[in-house]
Structures are given as C-alpha cells and as structure tokens.
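So this block is coords10.txt, compact mmCIF, N, CA and C atoms:
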```
# COMPACT_ATOMS: atom_id res chain seq x y z
N MET A 192 178.02 132.25 120.41
CA MET A 192 179.31 131.67 120.19
C MET A 192 179.30 130.24 119.70
N PRO A 193 178.18 129.62 119.48
CA PRO A 193 178.27 128.34 118.80
C PRO A 193 178.83 128.55 117.38
N TYR A 194 179.65 127.61 116.96
CA TYR A 194 180.25 127.63 115.63
C TYR A 194 179.98 126.29 114.98
N ILE A 195 179.49 126.33 113.75
CA ILE A 195 179.29 125.10 113.01
C ILE A 195 180.02 125.20 111.68
N ASN A 196 180.82 124.19 111.42
CA ASN A 196 181.59 124.11 110.19
C ASN A 196 181.11 122.88 109.43
N VAL A 197 180.61 123.10 108.22
CA VAL A 197 180.06 122.03 107.40
C VAL A 197 180.96 121.82 106.19
N SER A 198 181.47 120.61 106.04
CA SER A 198 182.23 120.23 104.85
C SER A 198 181.48 119.09 104.20
N THR A 199 181.22 119.23 102.91
CA THR A 199 180.47 118.19 102.22
C THR A 199 180.93 118.04 100.77
N SER A 200 180.76 116.85 100.26
CA SER A 200 181.06 116.59 98.86
C SER A 200 179.91 117.04 97.96
N ALA A 201 178.76 117.33 98.56
CA ALA A 201 177.60 117.80 97.78
C ALA A 201 177.82 119.23 97.31
N LYS A 202 177.28 119.53 96.15
CA LYS A 202 177.30 120.91 95.65
C LYS A 202 176.02 121.58 96.10
N ILE A 203 176.15 122.69 96.81
CA ILE A 203 175.01 123.40 97.37
C ILE A 203 174.67 124.59 96.47
N GLU A 204 173.43 124.65 96.02
CA GLU A 204 173.01 125.74 95.15
C GLU A 204 172.81 127.04 95.91
N ASP A 205 172.03 126.99 96.99
CA ASP A 205 171.74 128.21 97.75
C ASP A 205 172.49 128.16 99.08
N LYS A 206 173.75 128.55 99.03
CA LYS A 206 174.62 128.47 100.20
C LYS A 206 174.14 129.36 101.34
N LYS A 207 173.73 130.59 101.01
CA LYS A 207 173.30 131.53 102.05
C LYS A 207 172.08 130.99 102.79
N LYS A 208 171.15 130.41 102.07
CA LYS A 208 169.95 129.85 102.70
C LYS A 208 170.32 128.69 103.63
N LEU A 209 171.20 127.80 103.18
CA LEU A 209 171.60 126.68 104.02
C LEU A 209 172.31 127.17 105.28
N LEU A 210 173.19 128.15 105.13
CA LEU A 210 173.90 128.69 106.30
C LEU A 210 172.93 129.32 107.29
N GLU A 211 171.94 130.06 106.79
CA GLU A 211 170.96 130.66 107.69
C GLU A 211 170.14 129.59 108.40
N GLU A 212 169.69 128.60 107.66
CA GLU A 212 168.86 127.55 108.25
C GLU A 212 169.61 126.72 109.27
N ILE A 213 170.88 126.40 109.00
CA ILE A 213 171.62 125.61 109.97
C ILE A 213 171.98 126.45 111.19
N SER A 214 172.15 127.75 111.02
CA SER A 214 172.38 128.65 112.16
C SER A 214 171.16 128.67 113.07
N ILE A 215 169.98 128.73 112.48
CA ILE A 215 168.73 128.71 113.25
C ILE A 215 168.61 127.39 114.01
N LEU A 216 168.93 126.28 113.33
CA LEU A 216 168.86 124.97 113.99
C LEU A 216 169.82 124.88 115.17
N VAL A 217 171.06 125.28 114.97
CA VAL A 217 172.05 125.20 116.05
C VAL A 217 171.66 126.14 117.19
N SER A 218 171.14 127.29 116.86
CA SER A 218 170.66 128.23 117.88
C SER A 218 169.57 127.58 118.73
N SER A 219 168.63 126.92 118.09
CA SER A 219 167.53 126.29 118.84
C SER A 219 168.02 125.09 119.66
N LEU A 220 168.97 124.33 119.13
CA LEU A 220 169.47 123.15 119.85
C LEU A 220 170.35 123.50 121.03
N THR A 221 171.00 124.67 120.98
CA THR A 221 171.89 125.08 122.07
C THR A 221 171.24 126.11 122.99
N ASN A 222 170.05 126.56 122.63
CA ASN A 222 169.36 127.62 123.38
C ASN A 222 170.22 128.88 123.49
N LYS A 223 170.93 129.18 122.40
CA LYS A 223 171.74 130.40 122.33
C LYS A 223 171.23 131.26 121.19
N SER A 224 171.38 132.55 121.34
CA SER A 224 170.88 133.50 120.34
C SER A 224 171.50 133.24 118.97
N LYS A 225 170.67 133.30 117.94
CA LYS A 225 171.14 133.17 116.56
C LYS A 225 172.18 134.24 116.25
N ARG A 226 172.10 135.35 116.95
CA ARG A 226 173.04 136.46 116.75
C ARG A 226 174.48 136.02 116.99
N PHE A 227 174.69 135.02 117.81
CA PHE A 227 176.03 134.59 118.15
C PHE A 227 176.47 133.29 117.46
N VAL A 228 175.64 132.75 116.59
CA VAL A 228 175.99 131.53 115.88
C VAL A 228 176.76 131.89 114.60
N MET A 229 177.96 131.31 114.46
CA MET A 229 178.73 131.47 113.23
C MET A 229 178.69 130.15 112.48
N ALA A 230 178.45 130.23 111.18
CA ALA A 230 178.39 129.03 110.36
C ALA A 230 179.29 129.17 109.15
N LYS A 231 179.94 128.09 108.81
CA LYS A 231 180.83 128.05 107.64
C LYS A 231 180.47 126.85 106.80
N LEU A 232 180.54 127.01 105.49
CA LEU A 232 180.20 125.93 104.57
C LEU A 232 181.30 125.77 103.53
N ASP A 233 181.80 124.56 103.41
CA ASP A 233 182.70 124.18 102.32
C ASP A 233 181.97 123.08 101.56
N ASP A 234 181.47 123.41 100.39
CA ASP A 234 180.75 122.41 99.61
C ASP A 234 181.59 121.96 98.42
N ASN A 235 181.09 120.95 97.76
CA ASN A 235 181.74 120.40 96.56
C ASN A 235 183.19 119.99 96.85
N CYS A 236 183.44 119.53 98.08
CA CYS A 236 184.79 119.12 98.50
C CYS A 236 185.11 117.73 97.98
N GLU A 237 186.37 117.50 97.74
CA GLU A 237 186.82 116.15 97.45
C GLU A 237 186.85 115.40 98.77
N MET A 238 185.93 114.47 98.94
CA MET A 238 185.83 113.69 100.17
C MET A 238 185.58 112.24 99.82
N TYR A 239 186.01 111.37 100.71
CA TYR A 239 185.83 109.94 100.52
C TYR A 239 185.45 109.32 101.85
N PHE A 240 184.34 108.57 101.86
CA PHE A 240 183.88 107.88 103.07
C PHE A 240 183.34 106.53 102.62
N ASP A 241 184.22 105.56 102.54
CA ASP A 241 183.93 104.19 102.12
C ASP A 241 183.76 104.07 100.61
N ASP A 242 183.25 105.10 99.97
CA ASP A 242 183.12 105.12 98.52
C ASP A 242 183.02 106.59 98.08
N GLU A 243 182.63 106.82 96.87
CA GLU A 243 182.60 108.19 96.36
C GLU A 243 181.21 108.83 96.40
N SER A 244 180.28 108.23 97.15
CA SER A 244 178.95 108.83 97.27
C SER A 244 179.03 110.07 98.16
N LEU A 245 177.94 110.83 98.21
CA LEU A 245 177.90 112.05 99.02
C LEU A 245 178.19 111.75 100.48
N CYS A 246 178.93 112.67 101.11
CA CYS A 246 179.20 112.55 102.53
C CYS A 246 179.34 113.96 103.13
N CYS A 247 179.36 114.02 104.46
CA CYS A 247 179.40 115.31 105.14
C CYS A 247 180.09 115.16 106.49
N TYR A 248 180.91 116.16 106.83
CA TYR A 248 181.56 116.22 108.14
C TYR A 248 181.21 117.57 108.76
N LEU A 249 180.72 117.54 110.00
CA LEU A 249 180.36 118.76 110.71
C LEU A 249 181.15 118.87 111.99
N GLU A 250 181.59 120.08 112.29
CA GLU A 250 182.20 120.39 113.58
C GLU A 250 181.29 121.40 114.26
N ILE A 251 180.94 121.11 115.49
CA ILE A 251 180.11 122.03 116.26
C ILE A 251 180.84 122.33 117.56
N LYS A 252 181.15 123.61 117.75
CA LYS A 252 181.87 124.05 118.94
C LYS A 252 181.01 125.07 119.67
N SER A 253 181.08 125.01 121.01
CA SER A 253 180.31 125.95 121.81
C SER A 253 180.87 125.96 123.23
N ILE A 254 180.59 127.06 123.91
CA ILE A 254 180.88 127.12 125.35
C ILE A 254 179.65 126.55 126.04
N GLY A 255 179.74 125.30 126.44
CA GLY A 255 178.59 124.65 127.05
C GLY A 255 177.44 124.50 126.08
N SER A 256 176.31 124.10 126.57
CA SER A 256 175.05 123.98 125.81
C SER A 256 175.05 122.88 124.76
N LEU A 257 176.04 122.00 124.78
CA LEU A 257 176.06 120.91 123.82
C LEU A 257 175.51 119.64 124.47
N SER A 258 174.60 119.00 123.77
CA SER A 258 174.05 117.71 124.18
C SER A 258 174.15 116.79 122.96
N PRO A 259 175.34 116.27 122.70
CA PRO A 259 175.55 115.49 121.48
C PRO A 259 174.52 114.39 121.24
N SER A 260 174.16 113.65 122.28
CA SER A 260 173.21 112.55 122.08
C SER A 260 171.83 113.05 121.67
N GLU A 261 171.47 114.26 122.04
CA GLU A 261 170.19 114.84 121.66
C GLU A 261 170.27 115.64 120.36
N MET A 262 171.45 116.12 120.01
CA MET A 262 171.62 116.98 118.86
C MET A 262 171.94 116.23 117.57
N ALA A 263 172.54 115.05 117.68
CA ALA A 263 173.01 114.33 116.50
C ALA A 263 171.88 114.02 115.51
N LYS A 264 170.77 113.53 116.02
CA LYS A 264 169.68 113.13 115.11
C LYS A 264 169.08 114.32 114.36
N PRO A 265 168.69 115.43 115.02
CA PRO A 265 168.13 116.53 114.25
C PRO A 265 169.13 117.14 113.26
N ILE A 266 170.40 117.15 113.60
CA ILE A 266 171.40 117.70 112.68
C ILE A 266 171.57 116.77 111.48
N CYS A 267 171.67 115.47 111.72
CA CYS A 267 171.78 114.52 110.61
C CYS A 267 170.54 114.57 109.72
N ASN A 268 169.37 114.63 110.33
CA ASN A 268 168.14 114.73 109.55
C ASN A 268 168.12 115.99 108.69
N PHE A 269 168.58 117.10 109.25
CA PHE A 269 168.66 118.37 108.51
C PHE A 269 169.57 118.20 107.28
N ILE A 270 170.75 117.63 107.48
CA ILE A 270 171.70 117.45 106.37
C ILE A 270 171.10 116.53 105.30
N TYR A 271 170.46 115.47 105.72
CA TYR A 271 169.82 114.55 104.76
C TYR A 271 168.72 115.26 103.98
N GLU A 272 167.84 115.96 104.69
CA GLU A 272 166.71 116.62 104.04
C GLU A 272 167.13 117.77 103.12
N LYS A 273 168.12 118.53 103.53
CA LYS A 273 168.50 119.73 102.78
C LYS A 273 169.48 119.46 101.65
N ILE A 274 170.41 118.51 101.85
CA ILE A 274 171.41 118.30 100.79
C ILE A 274 171.53 116.85 100.31
N GLY A 275 170.75 115.96 100.90
CA GLY A 275 170.67 114.61 100.38
C GLY A 275 171.78 113.65 100.79
N VAL A 276 172.55 114.01 101.80
CA VAL A 276 173.60 113.09 102.27
C VAL A 276 172.95 112.03 103.15
N PRO A 277 173.16 110.75 102.84
CA PRO A 277 172.58 109.69 103.66
C PRO A 277 173.07 109.77 105.11
N LEU A 278 172.22 109.38 106.04
CA LEU A 278 172.54 109.46 107.46
C LEU A 278 173.83 108.72 107.81
N ASP A 279 174.08 107.59 107.15
CA ASP A 279 175.28 106.81 107.47
C ASP A 279 176.54 107.33 106.78
N LYS A 280 176.43 108.51 106.15
CA LYS A 280 177.59 109.15 105.52
C LYS A 280 177.86 110.52 106.15
N ILE A 281 177.40 110.69 107.39
CA ILE A 281 177.56 111.95 108.11
C ILE A 281 178.32 111.70 109.41
N TYR A 282 179.38 112.45 109.61
CA TYR A 282 180.09 112.47 110.90
C TYR A 282 179.91 113.84 111.52
N ILE A 283 179.77 113.87 112.84
CA ILE A 283 179.69 115.13 113.58
C ILE A 283 180.69 115.08 114.73
N CYS A 284 181.46 116.13 114.87
CA CYS A 284 182.39 116.26 115.99
C CYS A 284 181.89 117.41 116.87
N PHE A 285 181.55 117.10 118.11
CA PHE A 285 181.10 118.11 119.07
C PHE A 285 182.27 118.49 119.97
N GLU A 286 182.42 119.78 120.23
CA GLU A 286 183.50 120.22 121.13
C GLU A 286 182.99 121.31 122.07
N ASP A 287 183.08 121.02 123.35
CA ASP A 287 182.73 121.99 124.38
C ASP A 287 184.01 122.77 124.71
N VAL A 288 184.04 124.04 124.37
CA VAL A 288 185.23 124.86 124.52
C VAL A 288 185.17 125.64 125.83
N PRO A 289 186.24 125.63 126.63
CA PRO A 289 186.26 126.44 127.85
C PRO A 289 186.12 127.93 127.52
N ALA A 290 185.38 128.66 128.35
CA ALA A 290 185.11 130.08 128.10
C ALA A 290 186.38 130.90 127.95
N GLU A 291 187.42 130.54 128.69
CA GLU A 291 188.66 131.31 128.60
C GLU A 291 189.43 131.04 127.31
N MET A 292 188.98 130.06 126.53
CA MET A 292 189.63 129.73 125.26
C MET A 292 188.85 130.26 124.05
N TRP A 293 187.78 131.04 124.29
CA TRP A 293 186.96 131.55 123.20
C TRP A 293 186.96 133.07 123.25
N GLY A 294 187.46 133.68 122.18
CA GLY A 294 187.52 135.13 122.12
C GLY A 294 186.46 135.72 121.22
N TRP A 295 186.06 136.94 121.57
CA TRP A 295 185.08 137.68 120.78
C TRP A 295 185.14 139.15 121.22
N ASN A 296 185.08 140.02 120.28
CA ASN A 296 184.97 141.45 120.55
C ASN A 296 186.15 141.95 121.42
N GLY A 297 187.34 141.41 121.16
CA GLY A 297 188.54 141.87 121.84
C GLY A 297 188.80 141.29 123.22
N ARG A 298 188.00 140.29 123.60
CA ARG A 298 188.21 139.67 124.91
C ARG A 298 187.75 138.22 124.85
N THR A 299 187.97 137.50 125.95
CA THR A 299 187.46 136.14 126.01
C THR A 299 186.20 136.11 126.86
N PHE A 300 185.48 135.01 126.78
CA PHE A 300 184.25 134.88 127.56
C PHE A 300 184.52 134.50 129.02
N GLY A 301 185.73 134.04 129.31
CA GLY A 301 186.02 133.60 130.67
C GLY A 301 187.24 134.23 131.26
```

Render the structure in this file as structure tokens.
Amino acid sequence: MPYINVSTSAKIEDKKKLLEEISILVSSLTNKSKRFVMAKLDDNCEMYFDDESLCCYLEIKSIGSLSPSEMAKPICNFIYEKIGVPLDKIYICFEDVPAEMWGWNGRTFG
C-alpha cells in the first residue's frame, strides 16, 4: 500500500523502467512488498521552483513504515541519478495514512 506520486519538469524517456525502479526503492525503504507499491509519474510538467530549471515533487503515502529522515536522502539521490534533477530542486511530502482511511480490494486495512 505505499503510494508514490512523482511530478517532474523533466522529460522521462523510459517511464515504465523509472516506475519499476522507484517502486523497488520504496518497497525496500518501507519494508513492504513491491506487490503493494503503486507508483505514478507525471513528467514534462510545467513547474517552477525559483527558476525554470528541472525540479521534482514527490508524494509518498503509506500505512506506517515511513521514516522521512532516513528516506529523504536515498529518494533524492535516486531522482538526481535517474533524471538529473538537482538535490536542491526536489521536494518530498511524506504522509502516514491511518489504516481505516486506506481502501483496497473492496475493504479498508483498518
């Protein structure tokens, strides 16, 4: 049930590969099965962060298992290495969602 939403001004050539790789990363950082990680990518977005250079905004939601202070660096490094967005042009929003507020397969987790 971790969900990662990536919005970036960068144009991504191999979207499927990036989505798979970031799903694997989030799975490993949350210790949750890759089977339950959902990833979304919006690339080539009109975005502005101090200037018109590349930037990226990520939302990461999960029922528990979030350690923002430990997760921020590997996620930022991944974005820099894979799509070239400078570290100081990346924002990440972490959200720990209560189990009763997350639905899947016709029911909620709590």

In terms of only C-alpha atoms, the residue from A:Ile213, A:Glu286, A:Asn196, A:Glu291 at minimal distance from Ser256 in chain A is A:Glu286

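The coordinates place atom N of Leu278 in chain A at 21.0 Å from CA of Ala230 in chain A.
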
DSSP strand (DSSP E or B) selection over chain A, as a ChimeraX atom specification = /A:194-199,229-233,240,242,247-253,281-287,294-295,298-299

So what do you get for CA of Tyr248 in chain A versus CA of Arg298 in chain A, distance-wise?
->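 Interatomic distance, CA of Tyr248 in chain A to CA of Arg298 in chain A: 29.6 Å.
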
Hey, can I get the axis-aligned box for range 277-287 of chain A? All listed atoms, 6 Å padding on each side, centre and edge lengths in Å to one decimal, as lines of an AutoDock Vina configuration file.
```
center_x = 178.1
center_y = 114.8
center_z = 113.8
size_x = 23.8
size_y = 28.0
size_z = 33.9
```

How far is it from CA of Glu250 in chain A to CA of Thr299 in chain A, in Å with one decimal?
->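 Those two atoms sit 20.7 Å apart.
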
Looking at A:Lys206, A:Gly301, A:Ile195, A:Ala201, which one is nearest to Cys236 in chain A, with distances taken over all atoms listed in the file?
-> A:Ala201

Counting all atoms listed in the file, the option among A:Met229, A:Ser253, A:Ser200, A:Asn296 closest to Ser214 in chain A |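 Closest residue, counting all atoms listed in the file: A:Met229.
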
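If you measure from each of A:Asp279, A:Asp233, A:Asp287, A:Glu272 to Ile251 in chain A using only N, CA and C atoms, the closest one turns out to be A:Asp287.
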
Test item: residues at most 8 Å from Thr199 in chain A, all atoms listed in the file, excluding those fewer than 5 positions along its chain, as a list in words =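 Close residues of Thr199 in chain A: Leu232, Asp233, Asp234, Asn235, Cys236, Glu237, Met238, Leu245, Cys246, Cys247, Tyr248 and Leu249 of chain A.
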
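Nearest to Asn268 in chain A of all the residues A:Lys231, A:Lys280, A:Lys252, A:Lys202 is A:Lys280, based on only C-alpha atoms.
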
Quick one: of A:Lys225, A:Ser218, A:Lys208, A:Cys267, who's nearest to Tyr282 in chain A, counting only N, CA and C atoms?
->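 Closest to Tyr282 in chain A, using only N, CA and C atoms: A:Cys267.
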
Give the helix (DSSP H, G or I) residues of chain A, as DSSP finds them on the backbone, and put them as a VMD selection string.
-> chain A and resid 206 to 221 225 to 227 259 to 274 278 to 280 290 to 292

Pull the neighbourhood of (176.1, 115.0, 123.6) for me: all residues within 12 Å in file coordinates, counting only C-alpha atoms, as a PyMOL selection string.
-> chain A and resi 220-221+251-253+255-264+283-287
